[in-house]
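Asker: Coordinates in query.cif, mmCIF, C-alpha atoms, are listed below.
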```cif
data_data
loop_
_atom_site.label_atom_id
_atom_site.label_comp_id
_atom_site.auth_asym_id
_atom_site.auth_seq_id
_atom_site.Cartn_x
_atom_site.Cartn_y
_atom_site.Cartn_z
CA ASP A 1 -6.13 -12.67 6.83
CA SER A 2 -6.15 -8.92 7.41
CA GLY A 3 -9.86 -8.71 8.18
CA VAL A 4 -10.48 -6.45 5.16
CA THR A 5 -12.77 -7.97 2.55
CA GLN A 6 -13.18 -7.00 -1.08
CA THR A 7 -15.63 -8.10 -3.72
CA PRO A 8 -15.57 -9.21 -6.41
CA LYS A 9 -12.21 -10.96 -6.70
CA HIS A 10 -12.16 -10.70 -10.46
CA LEU A 11 -14.02 -8.50 -12.89
CA ILE A 12 -13.95 -8.56 -16.67
CA THR A 13 -15.67 -5.82 -18.59
CA ALA A 14 -15.50 -3.82 -21.80
CA THR A 15 -14.24 -0.35 -22.58
CA GLY A 16 -16.74 2.38 -21.87
CA GLN A 17 -18.49 0.42 -19.15
CA ARG A 18 -18.90 1.24 -15.45
CA VAL A 19 -18.09 -1.04 -12.52
CA THR A 20 -18.36 -0.88 -8.75
CA LEU A 21 -15.84 -2.41 -6.39
CA ARG A 22 -16.78 -3.03 -2.78
CA CYS A 23 -14.73 -3.05 0.41
CA SER A 24 -15.54 -3.85 4.03
CA PRO A 25 -12.94 -2.60 6.53
CA ARG A 26 -11.69 -4.43 9.59
CA SER A 27 -14.07 -4.36 12.50
CA GLY A 28 -13.58 -1.09 14.37
CA ASP A 29 -11.64 0.69 11.62
CA LEU A 30 -13.13 3.99 10.57
CA SER A 31 -10.87 4.84 7.67
CA VAL A 32 -10.78 3.26 4.21
CA TYR A 33 -8.19 3.79 1.49
CA TRP A 34 -8.28 2.81 -2.18
CA TYR A 35 -5.21 1.98 -4.26
CA GLN A 36 -4.57 1.01 -7.84
CA GLN A 37 -1.72 -1.35 -8.65
CA SER A 38 -0.67 -1.74 -12.25
CA LEU A 39 2.51 -3.19 -13.71
CA ASP A 40 3.91 0.11 -14.91
CA GLN A 41 2.67 2.42 -12.12
CA GLY A 42 3.11 0.37 -8.97
CA LEU A 43 0.89 1.10 -5.98
CA GLN A 44 -0.92 4.40 -6.44
CA PHE A 45 -2.97 5.95 -3.67
CA LEU A 46 -6.37 7.01 -4.97
CA ILE A 47 -8.52 8.28 -2.12
CA GLN A 48 -9.21 8.00 1.61
CA TYR A 49 -12.48 8.14 3.51
CA TYR A 50 -12.94 8.54 7.22
CA ASN A 51 -16.25 7.81 8.90
CA GLY A 52 -18.20 8.56 5.75
CA GLU A 53 -16.33 11.69 4.71
CA GLU A 54 -13.65 12.12 2.09
CA ARG A 55 -10.40 12.89 3.87
CA ALA A 56 -7.56 12.81 1.35
CA LYS A 57 -7.18 12.52 -2.39
CA GLY A 58 -4.33 11.01 -4.31
CA ASN A 59 -4.04 10.32 -8.02
CA ILE A 60 -7.69 9.57 -8.60
CA LEU A 61 -9.07 10.21 -12.07
CA GLU A 62 -12.25 12.23 -12.54
CA ARG A 63 -13.87 9.12 -14.05
CA PHE A 64 -13.42 7.40 -10.69
CA SER A 65 -15.38 8.14 -7.53
CA ALA A 66 -15.79 6.56 -4.14
CA GLN A 67 -18.00 6.74 -1.11
CA GLN A 68 -18.17 5.32 2.38
CA PHE A 69 -21.51 4.32 3.80
CA PRO A 70 -22.86 4.58 7.38
CA ASP A 71 -21.93 0.94 8.03
CA LEU A 72 -18.38 1.96 7.00
CA HIS A 73 -18.16 -0.20 3.92
CA SER A 74 -16.87 1.61 0.86
CA GLU A 75 -17.40 1.45 -2.86
CA LEU A 76 -15.13 2.57 -5.66
CA ASN A 77 -16.92 3.42 -8.88
CA LEU A 78 -14.99 3.34 -12.13
CA SER A 79 -16.73 4.68 -15.22
CA SER A 80 -15.99 5.15 -18.93
CA LEU A 81 -13.46 2.40 -18.52
CA GLU A 82 -10.35 2.32 -20.69
CA LEU A 83 -7.89 -0.45 -21.40
CA GLY A 84 -5.37 1.28 -19.15
CA ASP A 85 -7.66 0.94 -16.16
CA SER A 86 -6.92 -2.77 -16.06
CA ALA A 87 -5.19 -3.28 -12.73
CA LEU A 88 -5.46 -4.64 -9.23
CA TYR A 89 -7.50 -2.42 -6.96
CA PHE A 90 -6.81 -2.67 -3.26
CA CYS A 91 -8.74 -1.40 -0.33
CA ALA A 92 -7.05 -0.83 3.00
CA SER A 93 -8.36 0.24 6.37
CA SER A 94 -6.96 1.79 9.51
CA VAL A 95 -8.32 2.70 12.90
CA VAL A 96 -8.59 6.44 12.43
CA GLY A 97 -6.46 7.49 9.47
CA SER A 98 -5.53 10.81 10.91
CA GLY A 99 -1.77 10.73 10.54
CA PRO A 100 1.24 9.26 8.77
CA GLN A 101 1.99 6.80 11.55
CA GLU A 102 -1.21 4.83 11.09
CA THR A 103 -0.83 1.22 10.01
CA GLN A 104 -2.99 0.20 7.07
CA TYR A 105 -4.40 -3.29 6.62
CA PHE A 106 -4.93 -4.31 3.02
CA GLY A 107 -7.63 -6.47 1.51
CA PRO A 108 -6.97 -9.20 -1.07
CA GLY A 109 -7.78 -6.92 -3.99
CA THR A 110 -10.05 -6.93 -7.02
CA ARG A 111 -8.47 -7.73 -10.35
CA LEU A 112 -10.08 -5.70 -13.11
CA LEU A 113 -9.60 -6.55 -16.74
CA VAL A 114 -10.95 -4.14 -19.34
CA LEU A 115 -11.23 -5.61 -22.84
CA LEU B 1 6.81 15.66 -1.70
CA ALA B 2 8.95 12.64 -0.94
CA LYS B 3 9.85 10.45 -3.92
CA THR B 4 10.99 6.94 -3.06
CA THR B 5 13.52 4.79 -4.89
CA GLN B 6 14.22 1.11 -4.30
CA PRO B 7 16.30 -1.53 -6.10
CA ILE B 8 14.18 -3.48 -8.55
CA SER B 9 15.31 -6.90 -7.37
CA MET B 10 17.61 -8.75 -4.98
CA ASP B 11 18.73 -12.35 -4.66
CA SER B 12 19.67 -14.12 -1.46
CA TYR B 13 20.06 -17.57 0.04
CA GLU B 14 18.27 -19.18 2.93
CA GLY B 15 19.73 -18.24 6.29
CA GLN B 16 21.33 -15.02 5.10
CA GLU B 17 20.54 -11.51 6.28
CA VAL B 18 18.96 -9.30 3.63
CA ASN B 19 19.08 -5.52 3.65
CA ILE B 20 16.82 -3.54 1.33
CA THR B 21 17.34 0.20 1.12
CA CYS B 22 14.82 2.84 0.13
CA SER B 23 15.89 6.37 -0.77
CA HIS B 24 13.57 9.24 0.08
CA ASN B 25 15.62 12.39 -0.38
CA ASN B 26 12.78 14.86 0.06
CA ILE B 27 11.36 13.40 3.24
CA ALA B 28 9.73 15.98 5.48
CA THR B 29 10.06 16.41 9.21
CA ASN B 30 6.85 14.65 10.19
CA ASP B 31 6.88 11.88 7.58
CA TYR B 32 6.86 8.24 8.66
CA ILE B 33 8.45 5.31 6.86
CA THR B 34 6.63 2.00 6.64
CA TRP B 35 7.57 -1.23 4.92
CA TYR B 36 5.12 -3.71 3.46
CA GLN B 37 5.51 -7.21 2.06
CA GLN B 38 3.42 -8.46 -0.84
CA PHE B 39 2.99 -12.00 -2.15
CA PRO B 40 1.51 -12.68 -5.59
CA SER B 41 -2.24 -12.14 -5.77
CA GLN B 42 -2.38 -10.80 -2.21
CA GLY B 43 -2.60 -7.38 -0.66
CA PRO B 44 0.46 -5.77 0.94
CA ARG B 45 1.09 -6.75 4.54
CA PHE B 46 2.61 -4.47 7.20
CA ILE B 47 6.12 -5.39 8.30
CA ILE B 48 7.55 -2.48 10.27
CA GLN B 49 7.36 1.27 10.70
CA GLY B 50 9.74 3.93 11.96
CA TYR B 51 10.48 7.61 12.23
CA LYS B 52 14.16 7.71 13.12
CA THR B 53 17.09 5.58 14.40
CA LYS B 54 16.26 1.90 14.74
CA VAL B 55 13.11 -0.10 15.21
CA THR B 56 12.98 -3.86 15.70
CA ASN B 57 10.10 -6.29 15.87
CA GLU B 58 9.79 -10.05 15.71
CA VAL B 59 10.31 -10.23 11.94
CA ALA B 60 12.53 -7.31 10.89
CA SER B 61 14.57 -4.28 11.80
CA LEU B 62 14.36 -0.84 10.29
CA PHE B 63 17.36 1.47 10.26
CA ILE B 64 16.90 5.17 9.59
CA PRO B 65 19.97 7.45 9.62
CA ALA B 66 19.93 10.87 11.21
CA ASP B 67 19.25 12.71 7.95
CA ARG B 68 16.31 10.33 7.24
CA LYS B 69 16.99 10.46 3.50
CA SER B 70 17.01 6.68 3.32
CA SER B 71 15.85 3.70 5.30
CA THR B 72 17.00 0.09 5.35
CA LEU B 73 14.79 -2.89 5.99
CA SER B 74 16.77 -5.76 7.47
CA LEU B 75 15.43 -9.31 7.34
CA PRO B 76 17.50 -11.67 9.50
CA ARG B 77 18.05 -15.25 8.34
CA VAL B 78 15.64 -15.27 5.41
CA SER B 79 13.76 -18.39 4.39
CA LEU B 80 12.16 -19.43 1.10
CA SER B 81 8.85 -18.03 2.33
CA ASP B 82 10.36 -14.53 2.42
CA THR B 83 10.38 -14.49 -1.38
CA ALA B 84 8.08 -11.56 -2.09
CA VAL B 85 7.99 -7.92 -3.17
CA TYR B 86 8.90 -5.38 -0.50
CA TYR B 87 7.62 -1.81 -0.64
CA CYS B 88 8.61 1.23 1.34
CA LEU B 89 5.97 3.83 2.00
CA VAL B 90 6.51 7.44 2.99
CA ALA B 91 3.43 8.91 4.59
CA SER B 92 3.11 12.60 5.25
CA GLY B 93 0.64 15.19 6.30
CA MET B 94 -2.73 14.82 7.92
CA ASP B 95 -6.34 15.01 6.84
CA SER B 96 -6.71 16.63 3.41
CA SER B 97 -2.95 17.05 3.08
CA TYR B 98 -2.32 13.35 3.63
CA LYS B 99 0.10 11.94 1.06
CA LEU B 100 1.03 8.30 0.63
CA ILE B 101 3.96 7.53 -1.66
CA PHE B 102 4.91 3.93 -2.24
CA GLY B 103 8.24 2.92 -3.71
CA SER B 104 8.22 0.82 -6.85
CA GLY B 105 9.00 -2.31 -4.86
CA THR B 106 11.97 -4.65 -4.51
CA ARG B 107 11.47 -8.21 -5.67
CA LEU B 108 13.37 -10.48 -3.27
CA LEU B 109 14.16 -14.03 -4.38
CA VAL B 110 15.42 -16.38 -1.70
CA ARG B 111 17.17 -19.46 -3.05
CA PRO B 112 17.70 -22.76 -1.22
#
```
Rewrite the structure from the file as structure tokens, please.

Answerer:
Amino acid sequence: DSGVTQTPKHLITATGQRVTLRCSPRSGDLSVYWYQQSLDQGLQFLIQYYNGEERAKGNILERFSAQQFPDLHSELNLSSLELGDSALYFCASSVVGSGPQETQYFGPGTRLLVL
Amino acid sequence: LAKTTQPISMDSYEGQEVNITCSHNNIATNDYITWYQQFPSQGPRFIIQGYKTKVTNEVASLFIPADRKSSTLSLPRVSLSDTAVYYCLVASGMDSSYKLIFGSGTRLLVRP
């Protein structure tokens, strides 16, 4: 158990809909990362937040957005969903997230299925 | 920007040493290399991290040659429970320039 929690575990929705995925980092970690893992794209870094502020952006679509709240939990919002958005979405956390040597701890993931 | 390449799959037997190599030809001076292990329906789990030469911990060793264009994860005496997907990650930059590039993963099957 990494100490990172994600809810829900599974989510089934329809195209065009909007969903929110939630992540609570390990106690004491200030930085949260979001990843998408699909069969054909592997693990793709989406976005990083540090202490409530966006810090780095990866391959995040404009239809997707995230935020980190004062209690450090984070939400990833996915809107206008398409079939291709079906994937596993992972959240990870690290202590600070200020450099490439930081170890990330991953949550168990949310499996999203768009029908 | 570093692009990473790994073998798609590898087979081994219990008790053998397994070496998985990741190529990252465009690695930059300050980039770090990290390896993660992932079991089905679980998030990746940190195994080991290095910058250059050799790093060893209680579960693995990481070898990085002087040119740093590749890295090799070494798992000594694998067991059935080491069957998993192994990813290398090249992390570079800081703050807004932070880039995280995962390899496509190597599926390791350990046979009895």

Asker: Select, counting only C-alpha atoms, all protein, DNA and RNA residues no farther than 9 Å from (-15.3, 9.9, 4.8) in file coordinates, and express the selection as a ChimeraX atom specification.

Answerer: /A:30-32,48-56,67-69,72

Asker: Report the residues retrieved by the PyMOL selection byres ((chain B) within 12 of (chain A)) from the displayed file, expressed as a ChimeraX atom specification.

Answerer: /B:4,8,28-51,85-106

Asker: Return as an MDAnalysis selection string the set of residues that the PyMOL selection byres ((chain A and resi 77) around 7) yields on the displayed structure.

Answerer: chainID A and resid 19:21 64:66 75:76 78:79

Asker: Which one of A:Ser24, A:Ser80, A:Ser38, A:Ser74 sits closest to Thr5 (chain A) if you count only C-alpha atoms?

Answerer: A:Ser24

Asker: When you look at Leu81 (chain A) with a cut-off of 7 Å (counting all atoms listed in the file), what residues show up, excluding the ones that are within fewer than 3 positions of it in the same chain? I need them as a list in words.

Answerer: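 Final neighbour list, sorted by chain and number: Thr15, Gly16, Gln17, Arg18, Leu78 and Asp85 of chain A.
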
Asker: From the set B:Val18, B:His24, B:Ser9, B:Ser81, which residue has the shortest atom-to-atom contact distance to Asp67 (chain B), counting all atoms listed in the file?

Answerer: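 Nearest candidate to Asp67 (chain B) out of B:Val18, B:His24, B:Ser9, B:Ser81: B:His24.
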
Asker: Please identify all polymer residues lying at most 7 Å from the point (20.5, 5.0, 11.2) (file coordinates), using only C-alpha atoms, and present the result as a ChimeraX atom specification.

Answerer: /B:53-54,63-66

Asker: Would you translate the PyMOL selection byres ((chain B and resi 82) around 12) into the concrete set of residues it matches in this file, as a PyMOL selection string?

Answerer: chain B and resi 10-18+37-39+47+59-60+74-81+83-86+107-112

Asker: Considering only C-alpha atoms, state which residue in the set A:Leu112, A:Ile60, A:Ser86, A:Gln6 is at the smallest distance from Pro25 (chain A).

Answerer: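 Nearest to Pro25 (chain A): A:Gln6.
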